[in-house]
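Colleague: Sharing my_file17.tsv, TSV, C-alpha atoms:
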chain	number	residue	atom	x	y	z
A	202	MET	CA	102.47	149.90	85.10
A	203	PRO	CA	104.71	150.05	82.01
A	204	LEU	CA	107.95	148.11	82.08
A	205	HIS	CA	111.10	149.55	80.56
A	206	LEU	CA	114.40	147.93	81.45
A	207	THR	CA	116.97	150.66	81.85
A	208	GLU	CA	120.58	150.50	80.74
A	209	GLN	CA	121.47	150.07	84.41
A	210	HIS	CA	119.31	146.94	84.53
A	211	ARG	CA	121.04	145.55	81.47
A	212	ASP	CA	124.50	146.43	82.79
A	213	PHE	CA	123.71	144.68	86.06
A	214	ALA	CA	122.64	141.51	84.24
A	215	ARG	CA	125.69	141.65	81.96
A	216	SER	CA	128.05	142.10	84.90
A	217	LEU	CA	126.59	139.06	86.68
A	218	ASP	CA	126.85	137.04	83.47
A	219	ALA	CA	130.50	137.98	83.04
A	220	MET	CA	131.34	137.24	86.67
A	221	LEU	CA	129.64	133.83	86.64
A	222	THR	CA	131.16	132.93	83.26
A	223	ALA	CA	134.61	133.45	84.78
A	224	SER	CA	133.74	131.45	87.93
A	225	ASP	CA	133.57	127.91	86.47
A	226	THR	CA	130.13	127.21	87.91
A	227	PRO	CA	129.94	123.65	86.44
A	228	SER	CA	132.77	122.61	88.76
A	229	ALA	CA	131.00	124.22	91.72
A	230	VAL	CA	127.75	122.42	90.82
A	231	ARG	CA	129.49	119.04	90.60
A	232	ALA	CA	131.26	119.62	93.91
A	233	TRP	CA	127.98	120.65	95.56
A	234	ALA	CA	126.27	117.49	94.30
A	235	ALA	CA	129.15	115.43	95.71
A	236	GLY	CA	128.71	117.00	99.16
A	237	ASP	CA	131.53	119.56	98.94
A	238	PRO	CA	130.01	123.03	99.44
A	239	VAL	CA	133.29	124.98	99.47
A	240	PRO	CA	133.33	126.08	95.78
A	241	GLY	CA	129.61	126.89	95.97
A	242	ARG	CA	130.13	129.04	99.06
A	243	ALA	CA	132.94	130.91	97.35
A	244	LEU	CA	130.59	131.55	94.43
A	245	ARG	CA	127.95	132.75	96.86
A	246	ALA	CA	130.40	135.21	98.38
A	247	ARG	CA	131.03	136.72	94.94
A	248	LEU	CA	127.29	137.03	94.38
A	249	ALA	CA	126.96	138.81	97.72
A	250	GLU	CA	129.71	141.26	96.73
A	251	ALA	CA	127.67	142.00	93.60
A	252	GLY	CA	124.70	142.83	95.84
A	253	VAL	CA	122.41	139.98	94.79
A	254	PHE	CA	121.11	139.13	98.27
A	255	ALA	CA	120.99	142.77	99.39
A	256	LEU	CA	118.34	143.36	96.71
A	257	ALA	CA	115.76	141.69	98.97
A	258	VAL	CA	116.79	143.52	102.15
A	259	PRO	CA	115.38	146.99	102.97
A	260	GLU	CA	117.80	149.88	103.20
A	261	ALA	CA	116.88	150.26	106.87
A	262	TYR	CA	119.12	147.29	107.61
A	263	GLU	CA	122.89	147.40	107.24
A	264	GLY	CA	123.91	146.40	103.73
A	265	GLY	CA	120.38	146.41	102.34
A	266	LEU	CA	119.79	147.91	98.91
A	267	GLY	CA	116.01	148.00	99.16
A	268	VAL	CA	113.17	145.62	98.34
A	269	LEU	CA	113.72	145.37	94.56
A	270	PRO	CA	111.86	142.39	93.06
A	271	LEU	CA	112.56	143.35	89.44
A	272	GLU	CA	116.30	143.45	90.10
A	273	VAL	CA	116.02	140.13	91.96
A	274	ALA	CA	114.29	138.61	88.92
A	275	LEU	CA	117.02	139.90	86.60
A	276	ALA	CA	119.71	138.49	88.88
A	277	PHE	CA	118.10	135.08	89.20
A	278	VAL	CA	117.77	134.70	85.44
A	279	GLU	CA	121.57	134.89	85.38
A	280	LEU	CA	121.87	132.50	88.33
A	281	GLY	CA	119.75	130.01	86.40
A	282	ARG	CA	121.70	130.63	83.21
A	283	HIS	CA	124.85	129.56	85.08
A	284	ALA	CA	123.26	126.79	87.22
A	285	VAL	CA	124.35	128.37	90.52
A	286	PRO	CA	123.87	125.79	93.31
A	287	GLY	CA	122.64	126.28	96.85
A	288	PRO	CA	119.56	127.72	98.61
A	289	VAL	CA	119.75	131.08	96.85
A	290	VAL	CA	115.99	131.27	96.23
A	291	GLU	CA	115.25	130.28	99.81
A	292	THR	CA	117.65	132.89	101.19
A	293	VAL	CA	115.74	135.60	99.34
A	294	ALA	CA	112.45	134.13	100.60
A	295	VAL	CA	113.72	134.18	104.19
A	296	ALA	CA	114.73	137.83	103.77
A	297	ALA	CA	111.21	138.64	102.55
A	298	LEU	CA	109.68	136.69	105.42
A	299	LEU	CA	111.72	138.42	108.11
A	300	ASP	CA	111.14	141.82	106.55
A	301	ARG	CA	107.39	141.24	106.47
A	302	LEU	CA	107.37	140.31	110.16
A	303	GLY	CA	108.69	143.76	111.03
A	304	ASP	CA	111.85	145.27	112.47
A	305	GLY	CA	111.89	143.16	115.61
A	306	GLY	CA	114.70	140.95	116.86
A	307	PRO	CA	114.62	138.22	114.17
A	308	ALA	CA	114.96	140.74	111.34
A	309	LYS	CA	117.57	142.92	113.04
A	310	ARG	CA	119.74	139.94	113.92
A	311	ARG	CA	119.65	138.20	110.55
A	312	LEU	CA	118.89	140.53	107.65
A	313	PRO	CA	122.30	142.29	107.69
A	314	GLY	CA	123.99	138.88	107.49
A	315	ILE	CA	121.79	137.86	104.58
A	316	ALA	CA	122.54	141.10	102.74
A	317	ALA	CA	126.28	140.61	103.22
A	318	GLY	CA	126.17	136.98	102.12
A	319	GLU	CA	127.45	135.85	105.52
A	320	LEU	CA	124.23	133.98	106.32
A	321	SER	CA	122.70	131.45	103.96
A	322	ALA	CA	119.17	130.42	104.83
A	323	THR	CA	116.59	127.90	103.76
A	324	LEU	CA	112.89	127.61	104.43
A	325	ALA	CA	110.36	124.81	104.86
A	326	VAL	CA	106.61	125.31	105.04
A	327	GLY	CA	104.53	122.84	107.00
A	328	SER	CA	105.97	119.32	106.96
A	329	GLY	CA	107.77	119.81	103.66
A	330	TYR	CA	111.43	119.51	102.79
A	331	ALA	CA	114.01	122.28	103.07
A	332	LEU	CA	116.52	122.71	100.25
A	333	ASP	CA	120.17	122.29	101.26
A	334	ALA	CA	119.40	122.21	104.98
A	335	ASP	CA	122.73	120.42	105.44
A	336	THR	CA	124.71	123.42	104.20
A	337	ALA	CA	122.52	126.40	105.20
A	338	ASP	CA	123.48	128.50	108.20
A	339	LEU	CA	119.83	129.03	109.14
A	340	VAL	CA	116.90	126.65	108.65
A	341	LEU	CA	113.49	128.24	109.26
A	342	VAL	CA	110.21	126.37	109.45
A	343	VAL	CA	106.70	127.79	109.18
A	344	ALA	CA	104.28	125.38	110.84
A	345	GLY	CA	100.76	126.69	111.20
A	346	ASP	CA	101.08	130.18	112.64
A	347	GLU	CA	104.52	129.60	114.14
A	348	LEU	CA	107.96	130.46	112.78
A	349	ARG	CA	110.82	128.55	114.36
A	350	VAL	CA	114.50	127.80	113.86
A	351	ALA	CA	115.04	124.11	113.19
A	352	PRO	CA	117.74	122.60	115.44
A	353	GLY	CA	118.84	120.18	112.72
A	354	HIS	CA	117.56	118.07	109.87
A	355	GLY	CA	116.82	114.51	108.86
A	356	PRO	CA	118.47	112.39	106.16
A	357	VAL	CA	119.42	114.17	102.96
A	358	ARG	CA	117.52	113.05	99.87
A	359	VAL	CA	118.52	113.67	96.27
A	360	GLY	CA	116.05	113.73	93.40
A	361	ALA	CA	116.43	114.41	89.69
A	362	ASP	CA	119.05	117.08	90.31
A	363	PRO	CA	121.92	115.88	92.54
A	364	ALA	CA	122.77	119.52	93.31
A	365	ARG	CA	119.34	119.99	94.96
A	366	ARG	CA	119.70	118.27	98.32
A	367	LEU	CA	116.49	118.01	100.35
A	368	ALA	CA	115.95	117.20	104.03
A	369	ARG	CA	113.12	117.47	106.52
A	370	PRO	CA	113.91	119.92	109.35
A	371	ALA	CA	114.08	118.44	112.82
A	372	PRO	CA	111.16	119.19	115.16
A	373	GLY	CA	111.44	121.71	117.97
A	374	GLY	CA	113.75	124.68	118.07
A	375	GLU	CA	113.46	128.34	119.00
A	376	VAL	CA	110.13	130.00	118.16
A	377	LEU	CA	110.81	133.37	116.53
A	378	ALA	CA	107.22	134.50	116.02
A	379	ALA	CA	103.66	133.24	116.31
A	380	GLY	CA	100.27	134.47	115.22
A	381	PRO	CA	98.24	135.29	112.09
A	382	HIS	CA	100.94	137.70	110.90
A	383	VAL	CA	103.29	134.72	110.46
A	384	VAL	CA	100.84	133.12	108.01
A	385	GLU	CA	100.58	136.33	105.99
A	386	ALA	CA	104.36	136.79	106.01
A	387	ALA	CA	104.85	133.19	104.86
A	388	ARG	CA	102.51	133.76	101.91
A	389	TYR	CA	104.45	136.88	100.99
A	390	ALA	CA	107.74	134.98	101.20
A	391	ALA	CA	106.32	132.19	99.04
A	392	ARG	CA	105.52	134.74	96.32
A	393	TRP	CA	109.14	135.91	96.40
A	394	ALA	CA	110.32	132.29	96.24
A	395	ALA	CA	108.04	131.54	93.28
A	396	LEU	CA	109.22	134.68	91.47
A	397	ALA	CA	112.90	133.87	91.98
A	398	THR	CA	112.35	130.23	90.98
A	399	ALA	CA	110.56	131.34	87.81
A	400	ALA	CA	113.51	133.58	86.97
A	401	GLN	CA	115.95	130.77	87.69
A	402	ALA	CA	113.97	128.41	85.44
A	403	LEU	CA	113.94	130.98	82.65
A	404	GLY	CA	117.72	131.29	82.87
A	405	VAL	CA	118.07	127.51	82.73
A	406	GLY	CA	115.90	127.46	79.62
A	407	TYR	CA	118.01	130.08	77.87
A	408	ALA	CA	121.22	128.23	78.77
A	409	LEU	CA	119.86	124.98	77.33
A	410	LEU	CA	118.76	126.74	74.15
A	411	ASP	CA	122.13	128.48	73.71
A	412	ARG	CA	124.02	125.22	74.12
A	413	THR	CA	121.71	123.40	71.74
A	414	VAL	CA	122.02	126.07	69.05
A	415	ALA	CA	125.81	125.90	69.32
A	416	TYR	CA	125.72	122.11	69.03
A	417	VAL	CA	123.45	121.89	65.97
A	418	ARG	CA	125.67	124.36	64.15
A	419	GLN	CA	128.68	122.07	64.38
A	420	ARG	CA	127.03	118.60	64.34
A	421	THR	CA	126.85	117.31	60.77
A	422	GLN	CA	124.71	114.65	59.13
A	423	PHE	CA	124.40	113.80	55.44
A	424	GLY	CA	127.16	116.31	54.83
A	425	ALA	CA	125.35	119.29	56.38
A	426	ALA	CA	125.01	120.85	59.82
A	427	ILE	CA	121.82	119.53	61.42
A	428	GLY	CA	120.95	123.12	62.34
A	429	SER	CA	120.19	123.69	58.65
A	430	PHE	CA	117.37	121.12	58.71
A	431	GLN	CA	113.92	122.66	58.68
A	432	ALA	CA	112.56	120.41	61.45
A	433	VAL	CA	115.42	121.38	63.75
A	434	LYS	CA	114.92	125.08	63.01
A	435	HIS	CA	111.23	124.82	63.83
A	436	ARG	CA	111.92	123.04	67.11
A	437	LEU	CA	114.42	125.66	68.20
A	438	ALA	CA	112.11	128.50	67.13
A	439	ASP	CA	109.27	127.05	69.22
A	440	THR	CA	111.59	126.79	72.22
A	441	LEU	CA	112.75	130.39	71.85
A	442	LEU	CA	109.16	131.61	71.45
A	443	ALA	CA	108.11	129.91	74.70
A	444	LEU	CA	111.02	131.47	76.61
A	445	GLU	CA	110.45	134.91	75.14
A	446	PHE	CA	106.75	134.71	76.02
A	447	ALA	CA	107.67	133.93	79.65
A	448	ARG	CA	110.10	136.83	80.02
A	449	PRO	CA	107.58	139.74	80.10
A	450	LEU	CA	105.31	137.73	82.40
A	451	LEU	CA	108.23	137.40	84.80
A	452	TYR	CA	109.02	141.10	84.76
A	453	GLY	CA	105.35	142.01	85.10
A	454	ALA	CA	105.02	139.71	88.10
A	455	ALA	CA	108.07	141.35	89.67
A	456	LEU	CA	106.40	144.74	89.37
A	457	SER	CA	103.09	143.67	90.89
A	458	LEU	CA	104.01	140.74	93.19
A	459	ARG	CA	100.34	139.71	92.99
A	460	THR	CA	99.75	136.00	93.48
A	461	PRO	CA	98.01	135.42	90.10
A	462	ASP	CA	100.76	137.30	88.24
A	463	VAL	CA	103.55	135.42	90.01
A	464	ALA	CA	101.74	132.12	89.42
A	465	ALA	CA	101.36	132.89	85.70
A	466	ALA	CA	105.05	133.72	85.41
A	467	LYS	CA	106.03	130.62	87.37
A	468	VAL	CA	104.03	128.14	85.30
A	469	THR	CA	104.99	129.76	81.98
A	470	ALA	CA	108.72	129.97	82.75
A	471	GLY	CA	108.76	126.49	84.26
A	472	GLU	CA	107.05	124.88	81.28
A	473	ALA	CA	109.27	126.82	78.86
A	474	ALA	CA	112.42	125.62	80.64
A	475	TYR	CA	111.17	122.04	80.70
A	476	GLY	CA	110.40	122.29	76.99
A	477	ALA	CA	113.91	123.62	76.37
A	478	ALA	CA	115.31	120.63	78.26
A	479	ARG	CA	113.37	118.18	76.08
A	480	THR	CA	114.54	119.98	72.94
A	481	ALA	CA	118.15	119.98	74.12
A	482	LEU	CA	118.08	116.30	74.99
A	483	GLN	CA	116.54	115.23	71.71
A	484	LEU	CA	118.75	117.37	69.48
A	485	HIS	CA	121.92	116.34	71.29
A	486	GLY	CA	121.02	112.70	70.80
A	487	ALA	CA	122.71	110.03	72.90
A	488	ILE	CA	125.42	112.34	74.26
A	489	GLY	CA	122.73	114.39	76.02
A	490	TYR	CA	122.44	111.60	78.59
A	491	THR	CA	126.12	111.54	79.50
A	492	GLU	CA	127.35	112.73	82.88
A	493	GLU	CA	130.55	114.15	81.39
A	494	LEU	CA	128.68	116.69	79.25
A	495	ASP	CA	127.96	119.93	81.12
A	496	LEU	CA	124.56	120.01	79.47
A	497	ALA	CA	123.37	117.46	82.04
A	498	LEU	CA	123.78	120.03	84.84
A	499	TRP	CA	121.04	122.16	83.27
A	500	LEU	CA	118.89	119.29	82.02
A	501	ARG	CA	118.50	118.01	85.56
A	502	LYS	CA	117.41	121.38	86.91
A	503	ALA	CA	114.53	122.05	84.54
A	504	ARG	CA	112.00	119.58	85.99
A	505	PRO	CA	112.65	120.31	89.71
A	506	LEU	CA	112.47	124.06	89.12
A	507	ARG	CA	109.21	123.63	87.24
A	508	ASP	CA	107.66	122.08	90.35
A	509	ALA	CA	109.46	123.96	93.17
A	510	TRP	CA	107.48	126.66	95.00
A	511	GLY	CA	104.32	125.97	93.01
A	512	THR	CA	103.59	123.08	90.67
A	513	PRO	CA	102.04	123.87	87.28
A	514	ALA	CA	98.64	122.68	88.52
A	515	TRP	CA	98.83	124.84	91.64
A	516	CYS	CA	99.92	127.88	89.64
A	517	ARG	CA	97.13	127.47	87.10
A	518	ALA	CA	94.61	127.24	89.94
A	519	ARG	CA	95.93	130.51	91.41
A	520	VAL	CA	95.66	132.21	88.02
A	521	LEU	CA	92.06	131.02	87.65
A	522	ASP	CA	91.28	132.15	91.20
A	523	GLY	CA	92.65	135.59	90.38
A	524	ASP	CA	90.65	135.80	87.14
A	525	ALA	CA	87.48	134.80	88.96
A	526	GLN	CA	88.09	137.38	91.68
A	527	ALA	CA	88.75	140.09	89.07
A	528	THR	CA	85.51	139.18	87.30
A	529	ARG	CA	83.52	139.38	90.54
A	530	THR	CA	85.08	142.75	91.36
A	531	ALA	CA	84.31	144.09	87.87
A	532	ARG	CA	80.70	142.99	88.19
A	533	ARG	CA	80.35	144.71	91.55
A	534	VAL	CA	81.82	147.90	90.09
A	535	ASP	CA	79.43	147.69	87.13
A	536	ARG	CA	76.44	147.26	89.43
A	537	ARG	CA	77.48	150.23	91.56
A	538	ALA	CA	77.97	152.34	88.42
A	539	VAL	CA	74.49	151.44	87.15
A	540	GLY	CA	72.97	152.25	90.54
A	541	ALA	CA	74.73	155.60	90.75
A	542	GLY	CA	73.58	156.48	87.24
A	543	ASN	CA	69.99	155.67	88.10
A	544	ASP	CA	70.21	157.81	91.23
A	545	ARG	CA	71.38	160.74	89.14
A	546	VAL	CA	68.53	160.26	86.68
A	547	ARG	CA	65.96	160.19	89.45
Please express the file's structure as structure tokens.

Modeller:
Amino acid sequence: MPLHLTEQHRDFARSLDAMLTASDTPSAVRAWAAGDPVPGRALRARLAEAGVFALAVPEAYEGGLGVLPLEVALAFVELGRHAVPGPVVETVAVAALLDRLGDGGPAKRRLPGIAAGELSATLAVGSGYALDADTADLVLVVAGDELRVAPGHGPVRVGADPARRLARPAPGGEVLAAGPHVVEAARYAARWAALATAAQALGVGYALLDRTVAYVRQRTQFGAAIGSFQAVKHRLADTLLALEFARPLLYGAALSLRTPDVAAAKVTAGEAAYGAARTALQLHGAIGYTEELDLALWLRKARPLRDAWGTPAWCRARVLDGDAQATRTARRVDRRAVGAGNDRVR
């Protein structure tokens, strides 16, 4: 399927960029990391008004704009570009999960709230951690073939990114659904989560590159801007090339939502963003390590986003699985074509 971004797509991305630029997201990120979710929730409300969460909710539910993965990918590139905190990826994944389970009670009760931005949600699979379970309105857990609402959560843990707060959901809670369809719906939701995380990582990579380019233009050494040095130019060009290579993979994955395509986009965008972080840190020198510099807010996101909802190793394995399956299918088709041709000859 050919991909052509329309002017409406570009206007949507530009409008989100302008809104987030005016929203002082670095302050919201720092407050979120310090345990104050108020600025982040206000930012979330503005995103909801722009229709970001409604893009993952079918029109059959109040406030839903339709299941639009390409538009979700475009939106989450901007969310990554501005380091928006909170379980935004997980909220979209929960919407996909509830939608896939059908129009029963869980979907009817919760999808309109997700679309309106009134309900933030997070998701844990198996015995894993849930992102921002301490601030989410709804914590869902998929354990085996059961989907339940967690009644609480354990201690909050903070890793490389202080704005990504992780906690294990408490056991027990209301069971919303059970059966093989829960497993299938969870896999579908995980693809949405991986797609949105890939888009977020790509946005982080572009933000790091933009800030680094601006810095090397004004930082001087030996009487010249360091951006004029050939080695610096090559490093920045390699970073841009990696990001630009990931972009069409992301949009292609949004169109197909096939596991191998999403995995390819996820690993490529994640590695490109991590590479952009290394470039930014090295070209900024010692000041890149400082907490006071906003650059640190993006530097700390690159590695966690690379590994969230599919590590590079896991993604590469899914891509290889998909290639192997495609090869087997092609061989079966070839054999059937040869057999049919022989039948016609006889």

Colleague: Restricting the calculation to all atoms listed in the file: of A:Pro513, A:Gly476, A:Pro227, A:Gly287, which residue gets closest to Val463 of chain A?

Modeller: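 Of all the options, A:Pro513 lies closest to Val463 of chain A.
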
Colleague: Just want the 8 Å neighbourhood of segment 326-341 of chain A, counted on all atoms listed in the file, with same-chain residues fewer than 6 positions away dropped. Output as a list of chain:residue names.

Modeller: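 So, after excluding close chain neighbours, the residues are A:Pro238, A:Gly287, A:Pro288, A:Glu291, A:Val295, A:Leu320, A:Leu348, A:Arg349, A:Val350, A:Ala351, A:Pro352, A:Gly353, A:His354, A:Val357, A:Arg365, A:Arg366, A:Leu367, A:Ala368, A:Arg369, A:Pro370.
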
Colleague: Select, from A:Ala276, A:Val376, A:Leu482, A:Val290, the residue with the minimum atom-to-atom distance to Arg215 of chain A, counting all atoms listed in the file.

Modeller: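 Among A:Ala276, A:Val376, A:Leu482, A:Val290, it is A:Ala276 that comes nearest to Arg215 of chain A.
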
Colleague: Using all atoms listed in the file, pick whichever of A:Ala514, A:Ala251, A:Ala317, A:Leu506 has the shortest atom-to-atom distance to Leu396 of chain A.

Modeller: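 For Leu396 of chain A, the nearest of the given residues is A:Leu506.
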
Colleague: List as an MDAnalysis selection string: which residues have an atom within 10 Å of (111.5, 136.0, 77.5), counting all atoms listed in the file?

Modeller: chainID A and resid 400 403:404 406:407 441:452 470 473

Colleague: Residues of the last selection are to be written out with C-alpha atoms, as a PDB file, in the frame of the given file.

Modeller:
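Final output, part.pdb:
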ATOM      1  CA  ALA A 400     113.510 133.580  86.970  1.00  0.00           C
ATOM      2  CA  LEU A 403     113.940 130.980  82.650  1.00  0.00           C
ATOM      3  CA  GLY A 404     117.720 131.290  82.870  1.00  0.00           C
ATOM      4  CA  GLY A 406     115.900 127.460  79.620  1.00  0.00           C
ATOM      5  CA  TYR A 407     118.010 130.080  77.870  1.00  0.00           C
ATOM      6  CA  LEU A 441     112.750 130.390  71.850  1.00  0.00           C
ATOM      7  CA  LEU A 442     109.160 131.610  71.450  1.00  0.00           C
ATOM      8  CA  ALA A 443     108.110 129.910  74.700  1.00  0.00           C
ATOM      9  CA  LEU A 444     111.020 131.470  76.610  1.00  0.00           C
ATOM     10  CA  GLU A 445     110.450 134.910  75.140  1.00  0.00           C
ATOM     11  CA  PHE A 446     106.750 134.710  76.020  1.00  0.00           C
ATOM     12  CA  ALA A 447     107.670 133.930  79.650  1.00  0.00           C
ATOM     13  CA  ARG A 448     110.100 136.830  80.020  1.00  0.00           C
ATOM     14  CA  PRO A 449     107.580 139.740  80.100  1.00  0.00           C
ATOM     15  CA  LEU A 450     105.310 137.730  82.400  1.00  0.00           C
ATOM     16  CA  LEU A 451     108.230 137.400  84.800  1.00  0.00           C
ATOM     17  CA  TYR A 452     109.020 141.100  84.760  1.00  0.00           C
ATOM     18  CA  ALA A 470     108.720 129.970  82.750  1.00  0.00           C
ATOM     19  CA  ALA A 473     109.270 126.820  78.860  1.00  0.00           C
TER      20      ALA A 473
END
